[in-house]
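As structure tokens, the structure follows; a few thoughts come after it.
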Amino acid sequence: MNLTDALLGEHAIINELLDHVRGTVLKSDDIRNIQGAVAAMERIVVSHARAEEDLLFPRLEPHLGQMGPLAMMRFEHNAIDDLLEAARRETGIDALKSVIGRFLDLAHDHFHKEEAVLFPMARKCLDEATLIGLGDEWAARRKVTVGAQGC
Ligand SMILES: [Fe+2]
Ligand SMILES: [Fe+2]
């Protein structure tokens, strides 16, 4: 499997979890309840960003340089980490909802940039064999079987 397709699949799953967080923030004023919804989503969001940083960004650096889109994506990953940490520590309901609102807006905008700009750049700069090799590394990391022949 091509790595960009695998990462797009992760975006689809994360979007479901982001919708769950958004719905919980709208319905609930219970801090523990809201932080629980954030915690369920946080692990996959962080692990997704690390997979992009470990597998994709280093292969794109020779083509795109360290600045430009990669610097922007890394900056946004750090901002996402910071907002998630702020949400974990926040003890006031209004401030918590505000932090989560900023996180949801940033995550939505970040995913859109990757889908509209970064992943198409990756498919232009890297050949199919490289992207499939990176997809195999992703599969090993995620413990899924790809490329089996079946019966
Ligand atoms: Fe990302
Ligand atoms: Fe992503």
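Every chain in the structure tokens has a letter given in the order shown (A, B, ...), and although residue numbers restart at 1 in each chain, ligands are simply numbered from 1 in the order shown.
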Could you give me, as a Markdown table, a per-residue list for chain A showing, wherever an atom lies at most 8 Å from an atom of ligand 1, the closest pair of atoms and their distance in Å to one decimal, using only C-alpha atoms and all ligand atoms and sorting by chain then residue number from low to high?
```
| residue | atom | partner | partner_atom_place_in_ligand_line | distance |
| --- | --- | --- | --- | --- |
| A:His48 | CA | ligand 1 | 1 (Fe) | 7.1 |
| A:Ala49 | CA | ligand 1 | 1 (Fe) | 4.9 |
| A:Glu52 | CA | ligand 1 | 1 (Fe) | 6.2 |
| A:Glu53 | CA | ligand 1 | 1 (Fe) | 7.9 |
| A:Met73 | CA | ligand 1 | 1 (Fe) | 6.0 |
| A:Arg74 | CA | ligand 1 | 1 (Fe) | 7.5 |
| A:Glu76 | CA | ligand 1 | 1 (Fe) | 7.5 |
| A:His77 | CA | ligand 1 | 1 (Fe) | 6.1 |
| A:His110 | CA | ligand 1 | 1 (Fe) | 6.5 |
| A:Phe111 | CA | ligand 1 | 1 (Fe) | 6.5 |
| A:Glu114 | CA | ligand 1 | 1 (Fe) | 6.7 |
```
Writer output for current selection, all heavy atoms, as a tab-separated table (two decimals), in the first residue's frame:
```tsv
chain	number	residue	atom	x	y	z
A	48	HIS	N	-0.18	9.36	14.73
A	48	HIS	CA	-0.27	9.68	13.30
A	48	HIS	C	0.79	10.73	12.93
A	48	HIS	O	1.49	10.58	11.92
A	48	HIS	CB	-1.68	10.19	12.99
A	48	HIS	CG	-1.83	10.72	11.61
A	48	HIS	ND1	-1.99	9.90	10.51
A	48	HIS	CD2	-1.85	12.00	11.13
A	48	HIS	CE1	-2.10	10.66	9.43
A	48	HIS	NE2	-2.01	11.93	9.77
A	49	ALA	N	0.90	11.76	13.74
A	49	ALA	CA	1.89	12.82	13.46
A	49	ALA	C	3.30	12.24	13.50
A	49	ALA	O	4.15	12.57	12.66
A	49	ALA	CB	1.74	13.96	14.46
A	52	GLU	N	4.07	10.37	10.32
A	52	GLU	CA	4.41	11.30	9.22
A	52	GLU	C	5.83	11.83	9.39
A	52	GLU	O	6.59	11.92	8.42
A	52	GLU	CB	3.42	12.46	9.21
A	52	GLU	CG	2.03	12.04	8.76
A	52	GLU	CD	1.00	13.14	8.86
A	52	GLU	OE1	1.22	14.13	9.60
A	52	GLU	OE2	-0.04	13.02	8.20
A	53	GLU	N	6.20	12.18	10.63
A	53	GLU	CA	7.53	12.76	10.87
A	53	GLU	C	8.63	11.72	10.66
A	53	GLU	O	9.72	12.05	10.21
A	53	GLU	CB	7.60	13.32	12.29
A	53	GLU	CG	6.77	14.58	12.45
A	53	GLU	CD	6.60	14.98	13.91
A	53	GLU	OE1	7.24	14.38	14.79
A	53	GLU	OE2	5.79	15.89	14.17
A	73	MET	N	4.32	22.02	8.52
A	73	MET	CA	3.67	20.83	9.06
A	73	MET	C	4.23	20.48	10.45
A	73	MET	O	3.49	20.14	11.36
A	73	MET	CB	3.86	19.62	8.12
A	73	MET	CG	3.20	19.75	6.77
A	73	MET	SD	1.40	19.94	6.81
A	73	MET	CE	1.24	21.69	6.48
A	74	ARG	N	5.56	20.60	10.60
A	74	ARG	CA	6.17	20.30	11.92
A	74	ARG	C	5.70	21.32	12.96
A	74	ARG	O	5.41	20.96	14.11
A	74	ARG	CB	7.69	20.31	11.82
A	74	ARG	CG	8.25	19.09	11.10
A	74	ARG	CD	9.78	19.06	11.18
A	74	ARG	NE	10.32	17.82	10.64
A	74	ARG	CZ	11.04	17.74	9.52
A	74	ARG	NH1	11.31	18.82	8.82
A	74	ARG	NH2	11.49	16.58	9.10
A	76	GLU	N	2.89	22.89	12.99
A	76	GLU	CA	1.50	22.60	13.35
A	76	GLU	C	1.39	21.35	14.21
A	76	GLU	O	0.54	21.28	15.10
A	76	GLU	CB	0.63	22.49	12.08
A	76	GLU	CG	0.47	23.85	11.41
A	76	GLU	CD	-0.40	23.86	10.16
A	76	GLU	OE1	-0.82	22.77	9.71
A	76	GLU	OE2	-0.64	24.94	9.63
A	77	HIS	N	2.24	20.34	13.96
A	77	HIS	CA	2.24	19.17	14.85
A	77	HIS	C	2.56	19.60	16.29
A	77	HIS	O	1.93	19.14	17.24
A	77	HIS	CB	3.27	18.13	14.39
A	77	HIS	CG	2.84	17.34	13.18
A	77	HIS	ND1	3.62	16.36	12.63
A	77	HIS	CD2	1.71	17.39	12.44
A	77	HIS	CE1	2.99	15.83	11.59
A	77	HIS	NE2	1.84	16.44	11.45
A	110	HIS	N	-5.03	21.59	9.26
A	110	HIS	CA	-3.79	20.85	9.02
A	110	HIS	C	-4.04	19.65	8.09
A	110	HIS	O	-3.29	19.43	7.13
A	110	HIS	CB	-3.23	20.39	10.37
A	110	HIS	CG	-1.99	19.56	10.27
A	110	HIS	ND1	-0.75	20.11	10.01
A	110	HIS	CD2	-1.79	18.22	10.36
A	110	HIS	CE1	0.16	19.14	9.96
A	110	HIS	NE2	-0.45	17.99	10.17
A	111	PHE	N	-5.08	18.90	8.36
A	111	PHE	CA	-5.39	17.73	7.52
A	111	PHE	C	-5.69	18.19	6.09
A	111	PHE	O	-5.28	17.55	5.12
A	111	PHE	CB	-6.61	16.98	8.07
A	111	PHE	CG	-6.29	16.07	9.23
A	111	PHE	CD1	-5.09	16.17	9.92
A	111	PHE	CD2	-7.20	15.10	9.63
A	111	PHE	CE1	-4.80	15.33	10.98
A	111	PHE	CE2	-6.91	14.25	10.68
A	111	PHE	CZ	-5.72	14.36	11.37
A	114	GLU	N	-2.49	18.90	4.27
A	114	GLU	CA	-1.78	17.68	3.88
A	114	GLU	C	-2.47	17.02	2.68
A	114	GLU	O	-1.81	16.56	1.74
A	114	GLU	CB	-1.72	16.71	5.06
A	114	GLU	CG	-0.77	17.20	6.14
A	114	GLU	CD	-0.67	16.27	7.33
A	114	GLU	OE1	-1.60	15.44	7.53
A	114	GLU	OE2	0.31	16.38	8.08
```
* **Every residue of chain A that DSSP places in alpha helix (DSSP H), as a ChimeraX atom specification** => /A:3-27,31-51,57-64,69-89,93-113,119-125,128-142
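Comparing the minimum interatomic distances between A:Arg89 and each of A:Val25, A:Ala122, A:Ile31, A:Leu60, counting only C-alpha atoms, we find that A:Ile31 sits nearest.
In this structure, atom CA of A:Ala140 sits 15.3 Å away from atom CA of A:Asp5.
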* Asked: Can you tell me, as a PyMOL selection string, what residues are no more than 12 Å from A:Met72 when counting only C-alpha atoms, ignoring any on the same chain fewer than 5 positions away?
  -> chain A and resi 57+64-67+77-79+109-110+113-114+117-118
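All residues of protein, DNA or RNA that reach within 10 Å of A:Ala40, judged by only C-alpha atoms and not counting those fewer than 3 positions away in the chain, are A:Leu17, A:Leu18, A:His20, A:Val21, A:Gln35, A:Gly36, A:Ala37, A:Arg43, A:Ile44, A:Val45.
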Output all heavy atoms of each residue in that selection to a file, as a short mmCIF file (atom, residue, chain, number, x, y, z; two decimals), in the first residue's frame.
```cif
data_model
loop_
_atom_site.label_atom_id
_atom_site.label_comp_id
_atom_site.auth_asym_id
_atom_site.auth_seq_id
_atom_site.Cartn_x
_atom_site.Cartn_y
_atom_site.Cartn_z
N LEU A 17 -13.25 10.56 15.13
CA LEU A 17 -12.97 10.84 16.55
C LEU A 17 -13.08 12.35 16.84
O LEU A 17 -13.55 12.75 17.91
CB LEU A 17 -11.58 10.31 16.93
CG LEU A 17 -11.46 8.79 16.88
CD1 LEU A 17 -10.00 8.35 16.92
CD2 LEU A 17 -12.22 8.15 18.03
N LEU A 18 -12.65 13.18 15.87
CA LEU A 18 -12.78 14.63 16.04
C LEU A 18 -14.26 15.02 16.11
O LEU A 18 -14.66 15.87 16.91
CB LEU A 18 -12.09 15.39 14.90
CG LEU A 18 -10.57 15.22 14.77
CD1 LEU A 18 -10.05 15.99 13.56
CD2 LEU A 18 -9.85 15.67 16.03
N HIS A 20 -16.62 13.14 17.24
CA HIS A 20 -17.09 12.71 18.56
C HIS A 20 -16.73 13.76 19.62
O HIS A 20 -17.55 14.10 20.48
CB HIS A 20 -16.49 11.35 18.91
CG HIS A 20 -16.85 10.88 20.28
ND1 HIS A 20 -18.15 10.63 20.66
CD2 HIS A 20 -16.09 10.65 21.37
CE1 HIS A 20 -18.16 10.26 21.92
NE2 HIS A 20 -16.92 10.26 22.38
N VAL A 21 -15.49 14.27 19.55
CA VAL A 21 -15.06 15.31 20.51
C VAL A 21 -15.93 16.56 20.34
O VAL A 21 -16.42 17.14 21.32
CB VAL A 21 -13.57 15.65 20.32
CG1 VAL A 21 -13.18 16.89 21.10
CG2 VAL A 21 -12.70 14.46 20.74
N GLN A 35 -12.82 15.63 28.69
CA GLN A 35 -11.40 15.22 28.66
C GLN A 35 -11.27 13.74 28.30
O GLN A 35 -10.32 13.33 27.66
CB GLN A 35 -10.72 15.54 29.98
CG GLN A 35 -10.41 17.05 30.09
CD GLN A 35 -9.82 17.46 31.41
OE1 GLN A 35 -10.13 16.85 32.44
NE2 GLN A 35 -9.01 18.50 31.42
N GLY A 36 -12.27 12.93 28.67
CA GLY A 36 -12.26 11.51 28.29
C GLY A 36 -12.38 11.34 26.79
O GLY A 36 -11.69 10.51 26.19
N ALA A 37 -13.25 12.14 26.16
CA ALA A 37 -13.41 12.07 24.70
C ALA A 37 -12.11 12.51 24.02
O ALA A 37 -11.69 11.92 23.01
CB ALA A 37 -14.58 12.95 24.25
N ARG A 43 -4.33 9.74 21.44
CA ARG A 43 -3.26 8.78 21.17
C ARG A 43 -3.06 8.56 19.67
O ARG A 43 -1.93 8.53 19.19
CB ARG A 43 -3.58 7.46 21.87
CG ARG A 43 -2.46 6.48 21.75
CD ARG A 43 -2.64 5.33 22.69
NE ARG A 43 -1.74 4.26 22.30
CZ ARG A 43 -1.42 3.26 23.07
NH1 ARG A 43 -1.91 3.18 24.27
NH2 ARG A 43 -0.59 2.33 22.64
N ILE A 44 -4.16 8.43 18.94
CA ILE A 44 -4.02 8.17 17.49
C ILE A 44 -3.55 9.44 16.76
O ILE A 44 -2.77 9.35 15.81
CB ILE A 44 -5.32 7.59 16.87
CG1 ILE A 44 -5.15 7.33 15.36
CG2 ILE A 44 -6.52 8.48 17.09
CD1 ILE A 44 -4.16 6.28 15.01
N VAL A 45 -3.99 10.62 17.22
CA VAL A 45 -3.55 11.86 16.58
C VAL A 45 -2.03 12.03 16.74
O VAL A 45 -1.32 12.34 15.77
CB VAL A 45 -4.29 13.09 17.17
CG1 VAL A 45 -3.63 14.39 16.74
CG2 VAL A 45 -5.74 13.08 16.74
#
```
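When only C-alpha atoms are used to measure the gap to A:Asp136, the shortest distance among A:Pro120, A:Leu104, A:Lys97, A:Ala148 belongs to A:Ala148.
The nearest approach to ligand 2 among the residues A:Asp29, A:Glu115, A:Asp54, A:Glu16, with only C-alpha atoms and all ligand atoms taken into account, belongs to A:Glu115.
If only C-alpha atoms are the atoms counted, then among A:Leu84, A:Ala116, A:Cys125, A:Val99 the closest residue to A:Ala39 is A:Leu84.
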Selection near A:Gly101, 10 Å with only C-alpha atoms, sequence-local residues under 5 positions removed, as a compact mmCIF listing (two decimals) with N, CA and C atoms, in the first residue's frame:
```
# COMPACT_ATOMS: atom_id res chain seq x y z
N VAL A 21 -15.49 14.27 19.55
CA VAL A 21 -15.06 15.31 20.51
C VAL A 21 -15.93 16.56 20.34
N ARG A 22 -16.15 16.98 19.08
CA ARG A 22 -16.95 18.18 18.80
C ARG A 22 -18.35 18.02 19.38
N VAL A 25 -18.31 18.21 23.24
CA VAL A 25 -18.15 19.60 23.71
C VAL A 25 -19.47 20.36 23.62
N LEU A 83 -1.73 22.17 22.32
CA LEU A 83 -3.16 22.35 22.63
C LEU A 83 -3.72 21.12 23.34
N ALA A 95 -12.74 27.60 29.49
CA ALA A 95 -11.38 27.61 28.93
C ALA A 95 -11.09 26.29 28.22
N LEU A 96 -11.57 25.18 28.80
CA LEU A 96 -11.35 23.87 28.17
C LEU A 96 -12.02 23.82 26.79
N LEU A 106 -7.50 23.81 14.19
CA LEU A 106 -6.14 23.58 13.69
C LEU A 106 -6.03 22.20 13.04
N ALA A 107 -6.58 21.17 13.70
CA ALA A 107 -6.49 19.81 13.15
C ALA A 107 -7.19 19.74 11.79
```
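Shortest separation to ligand 2 among A:Phe103, A:Phe75, A:Phe119, A:Trp138 occurs at residue A:Phe119, atoms counted being only C-alpha atoms and all ligand atoms.
Between atom CA of A:Glu128 and atom CA of A:Thr145 the separation is 19.0 Å.
Distance annotation: of A:Glu10, A:Asp94, A:Glu61, A:Glu137, the residue with the minimal separation from ligand 2 is A:Glu10; atom set is only C-alpha atoms and all ligand atoms.
Atom CA of A:Leu55 lies 12.0 Å from atom CA of A:Asn2.
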